[in-house]
$ cat upload.pdb   # PDB, C-alpha atoms, pLDDT in the B column
ATOM      1  CA  ASP N   1       0.000   0.000   0.000  1.00 81.00           C
ATOM      2  CA  MET N   2       0.979   3.596  -0.524  1.00 92.00           C
ATOM      3  CA  GLN N   3       2.588   5.175   2.517  1.00 96.00           C
ATOM      4  CA  MET N   4       1.918   8.835   3.139  1.00 97.00           C
ATOM      5  CA  THR N   5       3.651  11.203   5.501  1.00 98.00           C
ATOM      6  CA  GLN N   6       2.973  14.808   6.396  1.00 98.00           C
ATOM      7  CA  SER N   7       5.262  17.287   8.079  1.00 98.00           C
ATOM      8  CA  PRO N   8       5.051  18.812  10.474  1.00 98.00           C
ATOM      9  CA  SER N   9       2.436  16.856  12.421  1.00 98.00           C
ATOM     10  CA  SER N  10       1.496  20.066  14.172  1.00 98.00           C
ATOM     11  CA  LEU N  11       2.496  23.696  14.137  1.00 97.00           C
ATOM     12  CA  SER N  12       1.725  26.881  16.002  1.00 97.00           C
ATOM     13  CA  ALA N  13       1.385  30.045  13.982  1.00 97.00           C
ATOM     14  CA  SER N  14       0.070  33.570  14.200  1.00 96.00           C
ATOM     15  CA  VAL N  15      -2.498  35.377  12.098  1.00 96.00           C
ATOM     16  CA  GLY N  16      -0.714  36.726   9.037  1.00 97.00           C
ATOM     17  CA  ASP N  17       1.984  34.046   9.003  1.00 97.00           C
ATOM     18  CA  ARG N  18       2.903  32.113   5.889  1.00 98.00           C
ATOM     19  CA  VAL N  19       2.391  28.410   6.535  1.00 98.00           C
ATOM     20  CA  THR N  20       3.754  25.505   4.526  1.00 98.00           C
ATOM     21  CA  ILE N  21       2.752  21.863   4.971  1.00 98.00           C
ATOM     22  CA  THR N  22       4.501  19.045   3.167  1.00 98.00           C
ATOM     23  CA  CYS N  23       3.111  15.694   2.044  1.00 98.00           C
ATOM     24  CA  ARG N  24       5.263  12.846   0.789  1.00 98.00           C
ATOM     25  CA  THR N  25       4.111   9.592  -0.827  1.00 98.00           C
ATOM     26  CA  SER N  26       6.101   6.360  -0.962  1.00 97.00           C
ATOM     27  CA  LEU N  27       5.492   5.960  -4.696  1.00 97.00           C
ATOM     28  CA  SER N  28       4.724   8.479  -7.396  1.00 97.00           C
ATOM     29  CA  VAL N  29       1.121   9.616  -7.556  1.00 97.00           C
ATOM     30  CA  THR N  30       1.814  11.923 -10.531  1.00 97.00           C
ATOM     31  CA  LYS N  31      -0.655  14.793 -10.006  1.00 97.00           C
ATOM     32  CA  TYR N  32      -3.315  12.877  -8.048  1.00 97.00           C
ATOM     33  CA  LEU N  33      -2.791  14.502  -4.695  1.00 98.00           C
ATOM     34  CA  ASN N  34      -5.512  16.487  -2.930  1.00 98.00           C
ATOM     35  CA  TRP N  35      -5.644  18.652   0.201  1.00 98.00           C
ATOM     36  CA  TYR N  36      -8.452  18.986   2.745  1.00 98.00           C
ATOM     37  CA  GLN N  37      -9.173  21.182   5.753  1.00 98.00           C
ATOM     38  CA  GLN N  38     -11.091  19.759   8.697  1.00 98.00           C
ATOM     39  CA  LYS N  39     -12.476  21.605  11.688  1.00 98.00           C
ATOM     40  CA  PRO N  40     -13.695  19.823  14.856  1.00 96.00           C
ATOM     41  CA  GLY N  41     -17.040  18.099  14.411  1.00 95.00           C
ATOM     42  CA  LYS N  42     -17.160  18.825  10.676  1.00 97.00           C
ATOM     43  CA  ALA N  43     -16.568  16.861   7.508  1.00 98.00           C
ATOM     44  CA  PRO N  44     -13.338  17.564   5.650  1.00 98.00           C
ATOM     45  CA  LYS N  45     -13.467  20.308   3.038  1.00 98.00           C
ATOM     46  CA  LEU N  46     -11.649  20.032  -0.288  1.00 98.00           C
ATOM     47  CA  LEU N  47      -9.136  22.870  -0.771  1.00 98.00           C
ATOM     48  CA  ILE N  48      -6.817  21.784  -3.582  1.00 98.00           C
ATOM     49  CA  TYR N  49      -7.307  18.985  -6.110  1.00 98.00           C
ATOM     50  CA  GLU N  50      -4.818  17.336  -8.437  1.00 98.00           C
ATOM     51  CA  ALA N  51      -1.883  18.992  -6.692  1.00 98.00           C
ATOM     52  CA  SER N  52      -2.419  22.591  -7.688  1.00 98.00           C
ATOM     53  CA  ASN N  53      -6.033  23.327  -8.612  1.00 98.00           C
ATOM     54  CA  LEU N  54      -7.956  25.563  -6.253  1.00 98.00           C
ATOM     55  CA  GLN N  55     -11.414  24.196  -5.507  1.00 98.00           C
ATOM     56  CA  SER N  56     -14.244  26.593  -6.305  1.00 97.00           C
ATOM     57  CA  GLY N  57     -15.023  28.939  -3.430  1.00 97.00           C
ATOM     58  CA  VAL N  58     -11.701  28.393  -1.629  1.00 98.00           C
ATOM     59  CA  PRO N  59      -9.758  31.615  -0.899  1.00 98.00           C
ATOM     60  CA  SER N  60      -6.745  32.315  -3.071  1.00 98.00           C
ATOM     61  CA  ARG N  61      -4.414  32.414  -0.047  1.00 98.00           C
ATOM     62  CA  PHE N  62      -4.413  28.613  -0.314  1.00 98.00           C
ATOM     63  CA  SER N  63      -2.167  27.106  -2.959  1.00 98.00           C
ATOM     64  CA  GLY N  64      -0.706  23.721  -3.782  1.00 98.00           C
ATOM     65  CA  SER N  65       2.337  22.557  -5.669  1.00 98.00           C
ATOM     66  CA  GLY N  66       4.339  19.447  -6.434  1.00 98.00           C
ATOM     67  CA  SER N  67       4.211  16.270  -8.451  1.00 98.00           C
ATOM     68  CA  GLY N  68       5.416  12.710  -8.179  1.00 98.00           C
ATOM     69  CA  THR N  69       6.104  12.078  -4.498  1.00 98.00           C
ATOM     70  CA  ASP N  70       6.544  15.532  -2.943  1.00 98.00           C
ATOM     71  CA  PHE N  71       3.786  18.063  -2.477  1.00 98.00           C
ATOM     72  CA  THR N  72       3.230  21.309  -0.601  1.00 98.00           C
ATOM     73  CA  LEU N  73       0.194  23.174   0.685  1.00 98.00           C
ATOM     74  CA  THR N  74       0.831  26.852   1.364  1.00 98.00           C
ATOM     75  CA  ILE N  75      -1.337  29.358   3.185  1.00 98.00           C
ATOM     76  CA  SER N  76       0.084  32.732   2.216  1.00 98.00           C
ATOM     77  CA  SER N  77      -1.327  34.736   5.128  1.00 97.00           C
ATOM     78  CA  LEU N  78      -3.013  32.800   7.911  1.00 97.00           C
ATOM     79  CA  ARG N  79      -6.475  33.934   8.925  1.00 97.00           C
ATOM     80  CA  PRO N  80      -8.286  33.066  12.194  1.00 95.00           C
ATOM     81  CA  GLU N  81     -10.639  30.708  10.340  1.00 96.00           C
ATOM     82  CA  ASP N  82      -7.682  28.684   9.009  1.00 97.00           C
ATOM     83  CA  PHE N  83      -6.857  27.093  12.354  1.00 95.00           C
ATOM     84  CA  ALA N  84      -7.744  23.470  11.636  1.00 98.00           C
ATOM     85  CA  THR N  85      -6.273  20.103  10.690  1.00 98.00           C
ATOM     86  CA  TYR N  86      -5.064  19.610   7.128  1.00 98.00           C
ATOM     87  CA  TYR N  87      -4.903  16.264   5.314  1.00 98.00           C
ATOM     88  CA  CYS N  88      -3.370  15.239   2.035  1.00 98.00           C
ATOM     89  CA  GLN N  89      -4.906  12.362   0.061  1.00 98.00           C
ATOM     90  CA  GLN N  90      -3.858  10.365  -2.993  1.00 98.00           C
ATOM     91  CA  SER N  91      -6.178   8.889  -5.623  1.00 96.00           C
ATOM     92  CA  TYR N  92      -3.531   7.551  -7.995  1.00 96.00           C
ATOM     93  CA  SER N  93      -3.648   3.986  -6.748  1.00 94.00           C
ATOM     94  CA  SER N  94      -6.028   1.820  -4.774  1.00 94.00           C
ATOM     95  CA  PRO N  95      -6.597   1.880  -1.885  1.00 96.00           C
ATOM     96  CA  VAL N  96      -7.126   5.608  -1.721  1.00 97.00           C
ATOM     97  CA  ALA N  97      -5.123   6.909   1.231  1.00 97.00           C
ATOM     98  CA  PHE N  98      -4.927   9.946   3.448  1.00 98.00           C
ATOM     99  CA  GLY N  99      -1.936  11.433   5.187  1.00 98.00           C
ATOM    100  CA  PRO N 100      -1.898  11.486   9.010  1.00 98.00           C
ATOM    101  CA  GLY N 101      -2.789  15.175   9.197  1.00 98.00           C
ATOM    102  CA  THR N 102      -1.188  18.449  10.267  1.00 98.00           C
ATOM    103  CA  LYS N 103      -2.828  20.425  13.048  1.00 98.00           C
ATOM    104  CA  VAL N 104      -2.441  24.173  12.776  1.00 98.00           C
ATOM    105  CA  ASP N 105      -3.158  26.026  15.999  1.00 96.00           C
ATOM    106  CA  ILE N 106      -2.778  29.501  17.384  1.00 88.00           C
ATOM    107  CA  LYS N 107       0.588  30.575  18.734  1.00 88.00           C
TER     108      LYS N 107
ATOM    109  CA  GLN X   1     -27.349  22.626  -4.469  1.00 91.00           C
ATOM    110  CA  VAL X   2     -25.562  19.339  -3.914  1.00 93.00           C
ATOM    111  CA  GLN X   3     -26.344  17.516  -0.671  1.00 96.00           C
ATOM    112  CA  LEU X   4     -25.361  14.132   0.685  1.00 97.00           C
ATOM    113  CA  GLN X   5     -27.687  13.131   3.513  1.00 97.00           C
ATOM    114  CA  GLN X   6     -26.665  10.233   5.732  1.00 97.00           C
ATOM    115  CA  GLY X   7     -28.883   7.913   7.738  1.00 90.00           C
ATOM    116  CA  GLY X   8     -28.544   4.748   9.773  1.00 86.00           C
ATOM    117  CA  ALA X   9     -28.042   3.266  13.190  1.00 78.00           C
ATOM    118  CA  GLY X  10     -25.442   4.722  15.563  1.00 86.00           C
ATOM    119  CA  LEU X  11     -25.203   2.218  18.470  1.00 95.00           C
ATOM    120  CA  LEU X  12     -24.199  -1.362  17.789  1.00 96.00           C
ATOM    121  CA  LYS X  13     -23.167  -4.369  19.822  1.00 97.00           C
ATOM    122  CA  PRO X  14     -20.035  -6.337  18.966  1.00 97.00           C
ATOM    123  CA  SER X  15     -20.627  -8.813  16.117  1.00 97.00           C
ATOM    124  CA  GLU X  16     -23.585  -6.836  14.723  1.00 97.00           C
ATOM    125  CA  THR X  17     -23.714  -5.374  11.219  1.00 97.00           C
ATOM    126  CA  LEU X  18     -23.321  -1.640  10.661  1.00 97.00           C
ATOM    127  CA  SER X  19     -25.749  -0.272   8.067  1.00 97.00           C
ATOM    128  CA  LEU X  20     -25.683   3.284   6.713  1.00 97.00           C
ATOM    129  CA  THR X  21     -27.267   5.010   3.748  1.00 97.00           C
ATOM    130  CA  CYS X  22     -26.342   8.154   1.831  1.00 98.00           C
ATOM    131  CA  GLY X  23     -28.976  10.048  -0.137  1.00 97.00           C
ATOM    132  CA  VAL X  24     -27.655  12.126  -3.017  1.00 97.00           C
ATOM    133  CA  TYR X  25     -29.425  15.324  -4.036  1.00 96.00           C
ATOM    134  CA  GLY X  26     -28.594  17.877  -6.688  1.00 94.00           C
ATOM    135  CA  VAL X  27     -26.079  15.824  -8.672  1.00 91.00           C
ATOM    136  CA  SER X  28     -26.372  12.820 -10.940  1.00 87.00           C
ATOM    137  CA  PHE X  29     -24.999   9.404 -10.059  1.00 85.00           C
ATOM    138  CA  SER X  30     -23.910   9.063 -13.661  1.00 87.00           C
ATOM    139  CA  GLY X  31     -20.192   9.352 -14.333  1.00 91.00           C
ATOM    140  CA  ASN X  32     -19.234   9.536 -10.678  1.00 94.00           C
ATOM    141  CA  TYR X  33     -17.829   7.296  -7.992  1.00 96.00           C
ATOM    142  CA  TRP X  34     -19.282   7.361  -4.478  1.00 97.00           C
ATOM    143  CA  SER X  35     -17.228   6.511  -1.429  1.00 98.00           C
ATOM    144  CA  TRP X  36     -17.429   5.737   2.260  1.00 98.00           C
ATOM    145  CA  ILE X  37     -14.722   7.081   4.582  1.00 98.00           C
ATOM    146  CA  ARG X  38     -14.404   6.743   8.338  1.00 98.00           C
ATOM    147  CA  GLN X  39     -12.590   8.560  11.137  1.00 98.00           C
ATOM    148  CA  PRO X  40     -12.123   7.094  14.631  1.00 98.00           C
ATOM    149  CA  PRO X  41     -12.351   9.487  17.576  1.00 95.00           C
ATOM    150  CA  GLY X  42      -9.292  11.718  17.545  1.00 95.00           C
ATOM    151  CA  GLY X  43      -7.878   9.819  14.570  1.00 97.00           C
ATOM    152  CA  GLY X  44      -7.222  10.149  10.881  1.00 97.00           C
ATOM    153  CA  LEU X  45      -9.267   9.366   7.790  1.00 98.00           C
ATOM    154  CA  GLU X  46      -9.603   5.864   6.330  1.00 98.00           C
ATOM    155  CA  TRP X  47     -11.158   5.134   2.950  1.00 98.00           C
ATOM    156  CA  ILE X  48     -13.507   2.153   3.125  1.00 98.00           C
ATOM    157  CA  GLY X  49     -14.476   1.746  -0.506  1.00 98.00           C
ATOM    158  CA  GLU X  50     -16.490   3.063  -3.424  1.00 97.00           C
ATOM    159  CA  ILE X  51     -19.168   2.279  -5.988  1.00 97.00           C
ATOM    160  CA  ASN X  52     -20.243   3.715  -9.332  1.00 95.00           C
ATOM    161  CA  GLN X  53     -23.614   3.894 -11.046  1.00 94.00           C
ATOM    162  CA  SER X  54     -23.100   0.504 -12.647  1.00 94.00           C
ATOM    163  CA  GLY X  55     -22.497  -1.090  -9.285  1.00 95.00           C
ATOM    164  CA  ARG X  56     -18.766  -1.545  -9.773  1.00 96.00           C
ATOM    165  CA  THR X  57     -17.094  -1.558  -6.374  1.00 97.00           C
ATOM    166  CA  THR X  58     -13.563  -1.200  -5.055  1.00 97.00           C
ATOM    167  CA  TYR X  59     -12.839  -1.872  -1.395  1.00 97.00           C
ATOM    168  CA  ASN X  60      -9.944  -1.178   0.921  1.00 97.00           C
ATOM    169  CA  PRO X  61      -8.226  -4.559   1.389  1.00 97.00           C
ATOM    170  CA  SER X  62      -8.059  -3.902   5.133  1.00 97.00           C
ATOM    171  CA  LEU X  63     -11.864  -4.154   5.340  1.00 98.00           C
ATOM    172  CA  GLN X  64     -12.768  -6.041   2.174  1.00 97.00           C
ATOM    173  CA  SER X  65     -13.874  -9.262   3.855  1.00 97.00           C
ATOM    174  CA  ARG X  66     -16.514  -7.433   5.920  1.00 98.00           C
ATOM    175  CA  VAL X  67     -17.673  -4.598   3.626  1.00 98.00           C
ATOM    176  CA  THR X  68     -20.508  -4.366   1.125  1.00 98.00           C
ATOM    177  CA  ILE X  69     -21.321  -1.136  -0.708  1.00 98.00           C
ATOM    178  CA  SER X  70     -24.458  -1.065  -2.836  1.00 98.00           C
ATOM    179  CA  ILE X  71     -26.324   1.493  -4.896  1.00 97.00           C
ATOM    180  CA  ASP X  72     -29.997   2.167  -5.613  1.00 95.00           C
ATOM    181  CA  THR X  73     -30.222   4.595  -8.508  1.00 91.00           C
ATOM    182  CA  THR X  74     -34.021   4.672  -8.363  1.00 92.00           C
ATOM    183  CA  ARG X  75     -33.832   6.156  -4.860  1.00 92.00           C
ATOM    184  CA  ASN X  76     -30.671   8.179  -5.493  1.00 93.00           C
ATOM    185  CA  GLN X  77     -28.828   6.543  -2.637  1.00 96.00           C
ATOM    186  CA  PHE X  78     -25.922   4.266  -1.880  1.00 97.00           C
ATOM    187  CA  SER X  79     -25.333   2.179   1.209  1.00 98.00           C
ATOM    188  CA  LEU X  80     -22.638   0.681   3.423  1.00 98.00           C
ATOM    189  CA  LYS X  81     -22.772  -2.562   5.350  1.00 98.00           C
ATOM    190  CA  LEU X  82     -19.925  -3.599   7.638  1.00 98.00           C
ATOM    191  CA  SER X  83     -20.329  -6.967   9.305  1.00 98.00           C
ATOM    192  CA  SER X  84     -19.005  -8.332  12.591  1.00 98.00           C
ATOM    193  CA  VAL X  85     -18.212  -4.949  14.089  1.00 98.00           C
ATOM    194  CA  THR X  86     -15.857  -4.570  17.043  1.00 98.00           C
ATOM    195  CA  ALA X  87     -14.812  -1.617  19.165  1.00 97.00           C
ATOM    196  CA  ALA X  88     -12.183  -0.855  16.519  1.00 97.00           C
ATOM    197  CA  ASP X  89     -14.983   0.038  14.100  1.00 98.00           C
ATOM    198  CA  ALA X  90     -16.266   2.865  16.292  1.00 98.00           C
ATOM    199  CA  ALA X  91     -15.883   6.021  14.237  1.00 98.00           C
ATOM    200  CA  VAL X  92     -17.605   8.820  12.386  1.00 97.00           C
ATOM    201  CA  TYR X  93     -18.568   7.466   8.974  1.00 98.00           C
ATOM    202  CA  TYR X  94     -18.795   9.814   5.995  1.00 98.00           C
ATOM    203  CA  CYS X  95     -20.137   9.353   2.508  1.00 98.00           C
ATOM    204  CA  ALA X  96     -18.581  11.419  -0.258  1.00 98.00           C
ATOM    205  CA  ARG X  97     -18.471  11.854  -4.007  1.00 97.00           C
ATOM    206  CA  GLY X  98     -15.255  10.711  -5.663  1.00 94.00           C
ATOM    207  CA  GLY X  99     -12.400   8.397  -4.877  1.00 91.00           C
ATOM    208  CA  TYR X 100     -10.428   6.055  -7.126  1.00 88.00           C
ATOM    209  CA  GLY X 101     -12.453   7.209 -10.089  1.00 85.00           C
ATOM    210  CA  GLN X 102     -14.142  10.321 -11.324  1.00 86.00           C
ATOM    211  CA  PRO X 103     -13.735  12.634  -9.688  1.00 89.00           C
ATOM    212  CA  PHE X 104     -10.303  11.736  -8.288  1.00 94.00           C
ATOM    213  CA  TYR X 105     -10.971  13.750  -5.149  1.00 97.00           C
ATOM    214  CA  PHE X 106     -13.765  14.096  -2.570  1.00 98.00           C
ATOM    215  CA  ASP X 107     -15.628  17.306  -3.256  1.00 97.00           C
ATOM    216  CA  TYR X 108     -19.000  16.670  -1.620  1.00 97.00           C
ATOM    217  CA  TRP X 109     -19.380  15.055   1.811  1.00 98.00           C
ATOM    218  CA  GLY X 110     -22.217  13.893   4.003  1.00 98.00           C
ATOM    219  CA  GLN X 111     -22.650  15.277   7.484  1.00 97.00           C
ATOM    220  CA  GLY X 112     -21.113  12.232   9.135  1.00 97.00           C
ATOM    221  CA  SER X 113     -22.665   9.454  11.234  1.00 97.00           C
ATOM    222  CA  LEU X 114     -21.220   8.606  14.641  1.00 97.00           C
ATOM    223  CA  VAL X 115     -21.118   4.857  15.164  1.00 97.00           C
ATOM    224  CA  THR X 116     -20.527   3.493  18.665  1.00 97.00           C
ATOM    225  CA  VAL X 117     -19.846  -0.162  19.408  1.00 97.00           C
ATOM    226  CA  SER X 118     -20.564  -1.315  22.941  1.00 95.00           C
ATOM    227  CA  SER X 119     -21.933  -4.393  24.623  1.00 93.00           C
TER     228      SER X 119
END
$ encode --input "upload.pdb" --output "structure tokens"
Amino acid sequence: DMQMTQSPSSLSASVGDRVTITCRTSLSVTKYLNWYQQKPGKAPKLLIYEASNLQSGVPSRFSGSGSGTDFTLTISSLRPEDFATYYCQQSYSSPVAFGPGTKVDIK
Amino acid sequence: QVQLQQGGAGLLKPSETLSLTCGVYGVSFSGNYWSWIRQPPGGGLEWIGEINQSGRTTYNPSLQSRVTISIDTTRNQFSLKLSSVTAADAAVYYCARGGYGQPFYFDYWGQGSLVTVSS
């Protein structure tokens, strides 16, 4: 099975900070890497699909990059509503898999 | 407006069968895959499996022996059955559009169903 890692597992940041989260897969997933935001008690929300495409309605401060095995989610200027857990997910091979998550909290 | 509306039992005893449904509103079943995903308390996300309009299924090998996903296009819903549940199956279960097939991401999600397993 595909192994997925995210770093860091958690981070503390301030409003206005630039935040970068990394996702690595054990085998190439080409472009089939997606990013989600999840807040407590809520379903995950799709932010970025196929590595770099911004989902409709998602603010432009979110961006994604990468291909193959190394991917990055960047929040250019952190807002209060961005404090949440972020997951990467691959759909290149079965079984579909999620990364372990990165929790972003307030410094 | 697209909505996925989940239903089903939340409290089970060990060895019972979990049964959940997901009603799909505002989007066609055609051309899409429909998945079930679960999340244990305080844990990460695990994909359970998926189905398309034709009834083609793909399951996570970790659960394959106990999982059945079915679809009823006349009622615009798909369903999950997980047999022989144990405490390890306690989780919030989500339905979602997408997976290992079009679309290759999960863009619409149900509200989640909390499943508890206790004797």
$ residues_around --input "upload.pdb" --residues "stretch 66-81 of chain X" --least-positions-apart "2" --cutoff "7 Å" --atoms "only C-alpha atoms" --output "PDB file with C-alpha atoms, keeping the file's coordinate frame"
ATOM      1  CA  THR X  17     -23.714  -5.374  11.219  1.00 97.00           C
ATOM      2  CA  LEU X  18     -23.321  -1.640  10.661  1.00 97.00           C
ATOM      3  CA  SER X  19     -25.749  -0.272   8.067  1.00 97.00           C
ATOM      4  CA  LEU X  20     -25.683   3.284   6.713  1.00 97.00           C
ATOM      5  CA  THR X  21     -27.267   5.010   3.748  1.00 97.00           C
ATOM      6  CA  CYS X  22     -26.342   8.154   1.831  1.00 98.00           C
ATOM      7  CA  GLY X  23     -28.976  10.048  -0.137  1.00 97.00           C
ATOM      8  CA  VAL X  24     -27.655  12.126  -3.017  1.00 97.00           C
ATOM      9  CA  GLU X  50     -16.490   3.063  -3.424  1.00 97.00           C
ATOM     10  CA  ILE X  51     -19.168   2.279  -5.988  1.00 97.00           C
ATOM     11  CA  GLY X  55     -22.497  -1.090  -9.285  1.00 95.00           C
ATOM     12  CA  LEU X  63     -11.864  -4.154   5.340  1.00 98.00           C
ATOM     13  CA  GLN X  64     -12.768  -6.041   2.174  1.00 97.00           C
ATOM     14  CA  SER X  83     -20.329  -6.967   9.305  1.00 98.00           C
TER      15      SER X  83
END
$ atom_distance --input "upload.pdb" --atom1 "atom CA of X:Tyr33" --atom2 "atom CA of X:Gly49"
9.9 Å
$ atom_distance --input "upload.pdb" --atom1 "atom CA of X:Tyr100" --atom2 "atom CA of X:Ser35"
8.9 Å
$ resolve_selection --input "upload.pdb" --expression "the PyMOL selection byres ((chain X and resi 110) around 8)" --output "CSV table (one decimal) with C-alpha atoms, in the coordinates of the input"
chain,number,residue,atom,x,y,z
N,43,ALA,CA,-16.6,16.9,7.5
X,3,GLN,CA,-26.3,17.5,-0.7
X,4,LEU,CA,-25.4,14.1,0.7
X,5,GLN,CA,-27.7,13.1,3.5
X,6,GLN,CA,-26.7,10.2,5.7
X,22,CYS,CA,-26.3,8.2,1.8
X,94,TYR,CA,-18.8,9.8,6.0
X,95,CYS,CA,-20.1,9.4,2.5
X,96,ALA,CA,-18.6,11.4,-0.3
X,108,TYR,CA,-19.0,16.7,-1.6
X,109,TRP,CA,-19.4,15.1,1.8
X,111,GLN,CA,-22.6,15.3,7.5
X,112,GLY,CA,-21.1,12.2,9.1
$ resolve_selection --input "upload.pdb" --expression "the ChimeraX specification (/X :<6) & /N" --output "count of residues only"
4
$ atom_distance --input "upload.pdb" --atom1 "atom CA of N:Lys103" --atom2 "atom CA of N:Thr20"
11.9 Å
$ resolve_selection --input "upload.pdb" --expression "the PyMOL selection byres ((chain X and resi 91) around 6)" --output "JSON list (two decimals) with C-alpha atoms, in the frame of the given file"
[["chain", "number", "residue", "atom", "x", "y", "z"],
["X", 39, "GLN", "CA", -12.59, 8.56, 11.14],
["X", 40, "PRO", "CA", -12.12, 7.09, 14.63],
["X", 41, "PRO", "CA", -12.35, 9.49, 17.58],
["X", 90, "ALA", "CA", -16.27, 2.86, 16.29],
["X", 92, "VAL", "CA", -17.60, 8.82, 12.39],
["X", 114, "LEU", "CA", -21.22, 8.61, 14.64],
["X", 115, "VAL", "CA", -21.12, 4.86, 15.16]]
$ closest_residue --input "upload.pdb" --among "X:Gly31, X:Pro14, X:Gly26, X:Gly8" --to "X:Ala88" --atoms "all atoms listed in the file"
X:Pro14
$ residues_near_point --input "upload.pdb" --point "(-4.3, 24.4, 15.1)" --cutoff "12 Å" --atoms "all atoms listed in the file" --output "list in words"
Pro8, Ser9, Ser10, Leu11, Ser12, Ala13, Ser14, Val15, Val19, Gln37, Gln38, Lys39, Pro40, Leu78, Arg79, Pro80, Glu81, Asp82, Phe83, Ala84, Thr85, Tyr86, Gly101, Thr102, Lys103, Val104, Asp105, Ile106 and Lys107 of chain N
$ residues_around --input "upload.pdb" --residues "N:Phe62" --least-positions-apart "3" --cutoff "7 Å" --atoms "all atoms listed in the file" --output "number ranges by chain"
N: 59, 74-76
$ residues_around --input "upload.pdb" --residues "N:Leu47" --least-positions-apart "4" --cutoff "7 Å" --atoms "all atoms listed in the file" --output "MDAnalysis selection string"
chainID N and resid 35:37 54:55 58
$ decode --input "upload.pdb" --residues "stretch 54-81 of chain X" --atoms "C-alpha atoms" --output "CSV table (one decimal), in the first residue's frame"
chain,number,residue,atom,x,y,z
X,54,SER,CA,-23.1,0.5,-12.6
X,55,GLY,CA,-22.5,-1.1,-9.3
X,56,ARG,CA,-18.8,-1.5,-9.8
X,57,THR,CA,-17.1,-1.6,-6.4
X,58,THR,CA,-13.6,-1.2,-5.1
X,59,TYR,CA,-12.8,-1.9,-1.4
X,60,ASN,CA,-9.9,-1.2,0.9
X,61,PRO,CA,-8.2,-4.6,1.4
X,62,SER,CA,-8.1,-3.9,5.1
X,63,LEU,CA,-11.9,-4.2,5.3
X,64,GLN,CA,-12.8,-6.0,2.2
X,65,SER,CA,-13.9,-9.3,3.9
X,66,ARG,CA,-16.5,-7.4,5.9
X,67,VAL,CA,-17.7,-4.6,3.6
X,68,THR,CA,-20.5,-4.4,1.1
X,69,ILE,CA,-21.3,-1.1,-0.7
X,70,SER,CA,-24.5,-1.1,-2.8
X,71,ILE,CA,-26.3,1.5,-4.9
X,72,ASP,CA,-30.0,2.2,-5.6
X,73,THR,CA,-30.2,4.6,-8.5
X,74,THR,CA,-34.0,4.7,-8.4
X,75,ARG,CA,-33.8,6.2,-4.9
X,76,ASN,CA,-30.7,8.2,-5.5
X,77,GLN,CA,-28.8,6.5,-2.6
X,78,PHE,CA,-25.9,4.3,-1.9
X,79,SER,CA,-25.3,2.2,1.2
X,80,LEU,CA,-22.6,0.7,3.4
X,81,LYS,CA,-22.8,-2.6,5.3
